[in-house]
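See below for the structure under consideration.
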Amino acid sequence: MLAAVAVAGALVLAGCGGSDSGSAASGAELSVDAAYIPQPVSDSMAAGFLTITNEGDAADQLTSVTSEAGEVTVHETVGGTMKEVDRLEVPAHGQLVFKSGGNHLMFEKLKHRPKQGQSVAVELHFAHSDPVTVKMPVKAATYQPTTGHSGHTEDSGH
């Protein structure tokens with residue numbers, strides 16, 4: 001019985017070896033898109049938005065975000081109330097969406113105020129998967145994405 005479980009486990013891990021994100025062993029297959037930062041109006045704070053997609057069979061959790069630009073915290077918005085959290089789930093075969101008015105990244109104690117046309121690198125850390133580095137372009141303060149933030153929301157036009 002133990003030998004069968006060990007062989008099955010080895011086959012599952014071997015079958016996941018094609019992931020380029022380095023997270024294959026966890027069963028999560030993570031990718032990031034639709035990342036951006038609206039040009040901040042403050043010298044010390046900014047918000048960030050992105051979508052983490054998990055094509056894998058196992059859920060994972062975003063546990064922290066780091067950046068040379070300053071401190072980054074993860075905020076969840078539920079019922080119009082924002083609170084800092086230490087982790088958010090990235091569901092199996094699903095998405096974790098950060099969008100204006102919803103979950104978002106908060107950049108605090110910025111070392112310099114990013115300007116439109118620049119980009120800010122962040123490293124996303126997960127409970128089970130390898131870190132993922134993302135370059136977040138700085139967009140106009142009024143920028144509203146038209147795609148990439150979950151194609152099933154009422155504000156996406158789908």
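Scheme for the structure tokens: letters A, B, ... for chains in order shown; per-chain residue numbers from 1; ligand numbers from 1 in order shown.
Excluding range 63-70 of chain A and any residue on its chain fewer than 2 positions from it, the residues at most 8 Å away by only C-alpha atoms are Gln61, Val72, Thr73, Val74, Asp86, Arg87, Leu88, Phe107, Glu108, Lys109, Leu110, Lys111, His112, Val120, Ala121, Val122, Glu123, Leu124, His125, Phe126 and Ala127 of chain A.
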Selected residues written out with N, CA, C and O atoms, as a short mmCIF file (atom, residue, chain, number, x, y, z; two decimals), in the first residue's frame:
```
data_model
loop_
_atom_site.label_atom_id
_atom_site.label_comp_id
_atom_site.auth_asym_id
_atom_site.auth_seq_id
_atom_site.Cartn_x
_atom_site.Cartn_y
_atom_site.Cartn_z
N GLN A 61 -1.79 30.12 -1.24
CA GLN A 61 -2.11 31.37 -0.56
C GLN A 61 -1.01 32.38 -0.80
O GLN A 61 0.18 32.05 -0.70
N VAL A 72 5.07 46.84 1.33
CA VAL A 72 3.84 46.46 0.64
C VAL A 72 3.01 45.58 1.57
O VAL A 72 3.52 44.62 2.14
N THR A 73 1.74 45.95 1.73
CA THR A 73 0.81 45.16 2.52
C THR A 73 -0.35 44.72 1.63
O THR A 73 -0.64 45.35 0.62
N VAL A 74 -0.98 43.63 2.02
CA VAL A 74 -2.10 43.07 1.27
C VAL A 74 -3.39 43.46 2.01
O VAL A 74 -3.49 43.26 3.22
N ASP A 86 -2.91 38.85 6.39
CA ASP A 86 -1.59 38.24 6.24
C ASP A 86 -1.56 37.18 5.16
O ASP A 86 -0.49 36.68 4.81
N ARG A 87 -2.73 36.86 4.57
CA ARG A 87 -2.76 35.91 3.46
C ARG A 87 -4.12 35.95 2.78
O ARG A 87 -5.13 36.26 3.40
N LEU A 88 -4.11 35.64 1.47
CA LEU A 88 -5.34 35.50 0.69
C LEU A 88 -5.22 34.25 -0.16
O LEU A 88 -4.16 33.96 -0.71
N PHE A 107 1.18 50.13 -1.16
CA PHE A 107 2.60 50.49 -1.06
C PHE A 107 2.69 51.64 -0.08
O PHE A 107 2.02 52.67 -0.24
N GLU A 108 3.51 51.47 0.95
CA GLU A 108 3.66 52.51 1.98
C GLU A 108 5.14 52.85 2.15
O GLU A 108 6.00 52.04 1.82
N LYS A 109 5.39 54.03 2.66
CA LYS A 109 6.76 54.49 2.88
C LYS A 109 7.57 54.37 1.59
O LYS A 109 8.68 53.82 1.57
N LEU A 110 6.99 54.87 0.50
CA LEU A 110 7.67 54.81 -0.80
C LEU A 110 9.01 55.52 -0.74
O LEU A 110 9.11 56.61 -0.16
N LYS A 111 10.02 54.94 -1.36
CA LYS A 111 11.34 55.57 -1.41
C LYS A 111 11.35 56.72 -2.41
O LYS A 111 12.11 57.66 -2.26
N HIS A 112 10.50 56.63 -3.44
CA HIS A 112 10.28 57.72 -4.39
C HIS A 112 8.90 57.50 -5.02
O HIS A 112 8.42 56.37 -5.09
N VAL A 120 7.27 49.26 -11.38
CA VAL A 120 7.72 48.91 -10.04
C VAL A 120 7.76 47.39 -9.95
O VAL A 120 6.75 46.73 -10.25
N ALA A 121 8.89 46.83 -9.56
CA ALA A 121 9.00 45.38 -9.42
C ALA A 121 8.53 44.96 -8.03
O ALA A 121 8.86 45.61 -7.03
N VAL A 122 7.75 43.90 -7.99
CA VAL A 122 7.32 43.31 -6.73
C VAL A 122 7.59 41.82 -6.79
O VAL A 122 7.66 41.22 -7.86
N GLU A 123 7.76 41.23 -5.62
CA GLU A 123 7.91 39.79 -5.53
C GLU A 123 6.76 39.27 -4.68
O GLU A 123 6.58 39.69 -3.54
N LEU A 124 5.98 38.36 -5.28
CA LEU A 124 4.84 37.77 -4.60
C LEU A 124 5.30 36.48 -3.94
O LEU A 124 5.95 35.64 -4.57
N HIS A 125 4.97 36.32 -2.65
CA HIS A 125 5.38 35.15 -1.89
C HIS A 125 4.14 34.32 -1.55
O HIS A 125 3.11 34.88 -1.17
N PHE A 126 4.27 33.00 -1.69
CA PHE A 126 3.15 32.10 -1.51
C PHE A 126 3.45 31.06 -0.44
O PHE A 126 4.61 30.78 -0.14
N ALA A 127 2.40 30.46 0.12
CA ALA A 127 2.56 29.44 1.16
C ALA A 127 3.27 28.21 0.61
O ALA A 127 4.08 27.61 1.31
#
```
Exercise for the section: Using DSSP on the backbone, list every residue of range 21-123 of chain A that comes out as strand (DSSP E or B), and give them as JSON, numbers by chain. Expected result: {"A": [30, 31, 32, 33, 34, 35, 36, 37, 38, 45, 46, 47, 48, 49, 50, 51, 52, 53, 54, 60, 61, 62, 63, 64, 65, 66, 67, 70, 71, 72, 73, 74, 75, 76, 77, 78, 81, 82, 83, 84, 85, 88, 89, 90, 94, 95, 96, 97, 98, 104, 105, 106, 107, 108, 119, 120, 121, 122, 123]}
Written selection (C-alpha atoms) as a PDB file, in the first residue's frame:
```
ATOM      1  CA  LEU A  30       0.409  30.324 -10.897  1.00  0.00           C
ATOM      2  CA  SER A  31       0.608  33.155 -13.391  1.00  0.00           C
ATOM      3  CA  VAL A  32       0.099  36.884 -13.019  1.00  0.00           C
ATOM      4  CA  ASP A  33      -1.405  39.394 -15.429  1.00  0.00           C
ATOM      5  CA  ALA A  34      -3.241  42.724 -15.562  1.00  0.00           C
ATOM      6  CA  ALA A  35      -0.734  44.230 -13.089  1.00  0.00           C
ATOM      7  CA  TYR A  36      -0.591  48.013 -12.702  1.00  0.00           C
ATOM      8  CA  ILE A  37      -0.184  50.870 -10.256  1.00  0.00           C
ATOM      9  CA  PRO A  38      -2.216  54.064 -10.762  1.00  0.00           C
ATOM     10  CA  MET A  45       1.593  55.744  -0.604  1.00  0.00           C
ATOM     11  CA  ALA A  46       0.286  53.961  -3.696  1.00  0.00           C
ATOM     12  CA  ALA A  47      -2.093  51.130  -4.566  1.00  0.00           C
ATOM     13  CA  GLY A  48      -1.417  48.152  -6.796  1.00  0.00           C
ATOM     14  CA  PHE A  49      -3.688  45.819  -8.717  1.00  0.00           C
ATOM     15  CA  LEU A  50      -3.185  42.487 -10.505  1.00  0.00           C
ATOM     16  CA  THR A  51      -4.728  39.096 -11.130  1.00  0.00           C
ATOM     17  CA  ILE A  52      -3.139  35.838  -9.971  1.00  0.00           C
ATOM     18  CA  THR A  53      -4.444  32.841 -11.917  1.00  0.00           C
ATOM     19  CA  ASN A  54      -4.033  29.287 -10.663  1.00  0.00           C
ATOM     20  CA  ASP A  60      -2.254  28.203  -2.630  1.00  0.00           C
ATOM     21  CA  GLN A  61      -2.111  31.368  -0.563  1.00  0.00           C
ATOM     22  CA  LEU A  62      -0.480  34.723  -1.203  1.00  0.00           C
ATOM     23  CA  THR A  63       1.355  35.337   2.073  1.00  0.00           C
ATOM     24  CA  SER A  64       3.306  38.537   1.417  1.00  0.00           C
ATOM     25  CA  VAL A  65       4.580  40.967  -1.193  1.00  0.00           C
ATOM     26  CA  THR A  66       7.968  42.659  -1.167  1.00  0.00           C
ATOM     27  CA  SER A  67       9.379  45.498  -3.255  1.00  0.00           C
ATOM     28  CA  GLY A  70       8.820  50.458  -0.177  1.00  0.00           C
ATOM     29  CA  GLU A  71       6.715  48.401   2.209  1.00  0.00           C
ATOM     30  CA  VAL A  72       3.844  46.458   0.635  1.00  0.00           C
ATOM     31  CA  THR A  73       0.812  45.155   2.517  1.00  0.00           C
ATOM     32  CA  VAL A  74      -2.105  43.075   1.275  1.00  0.00           C
ATOM     33  CA  HIS A  75      -5.620  44.435   1.849  1.00  0.00           C
ATOM     34  CA  GLU A  76      -8.929  42.636   1.544  1.00  0.00           C
ATOM     35  CA  THR A  77     -12.172  44.523   0.984  1.00  0.00           C
ATOM     36  CA  VAL A  78     -15.361  42.860   2.203  1.00  0.00           C
ATOM     37  CA  THR A  81     -14.595  47.590   4.579  1.00  0.00           C
ATOM     38  CA  MET A  82     -10.837  47.384   3.942  1.00  0.00           C
ATOM     39  CA  LYS A  83      -8.514  45.489   6.267  1.00  0.00           C
ATOM     40  CA  GLU A  84      -4.919  44.353   6.119  1.00  0.00           C
ATOM     41  CA  VAL A  85      -4.565  40.570   5.960  1.00  0.00           C
ATOM     42  CA  LEU A  88      -5.343  35.495   0.694  1.00  0.00           C
ATOM     43  CA  GLU A  89      -6.301  32.254  -1.022  1.00  0.00           C
ATOM     44  CA  VAL A  90      -5.530  31.592  -4.678  1.00  0.00           C
ATOM     45  CA  GLY A  94      -9.404  30.024 -10.107  1.00  0.00           C
ATOM     46  CA  GLN A  95      -8.179  33.573  -9.625  1.00  0.00           C
ATOM     47  CA  LEU A  96      -7.261  35.997  -6.887  1.00  0.00           C
ATOM     48  CA  VAL A  97      -8.212  39.407  -8.273  1.00  0.00           C
ATOM     49  CA  PHE A  98      -6.899  42.725  -6.960  1.00  0.00           C
ATOM     50  CA  HIS A 104      -5.487  45.559  -3.400  1.00  0.00           C
ATOM     51  CA  LEU A 105      -1.813  45.979  -2.600  1.00  0.00           C
ATOM     52  CA  MET A 106      -0.863  49.017  -0.530  1.00  0.00           C
ATOM     53  CA  PHE A 107       2.599  50.493  -1.063  1.00  0.00           C
ATOM     54  CA  GLU A 108       3.657  52.509   1.975  1.00  0.00           C
ATOM     55  CA  SER A 119       7.373  50.262 -13.560  1.00  0.00           C
ATOM     56  CA  VAL A 120       7.725  48.913 -10.042  1.00  0.00           C
ATOM     57  CA  ALA A 121       9.003  45.381  -9.424  1.00  0.00           C
ATOM     58  CA  VAL A 122       7.321  43.313  -6.731  1.00  0.00           C
ATOM     59  CA  GLU A 123       7.913  39.789  -5.529  1.00  0.00           C
TER      60      GLU A 123
END
```
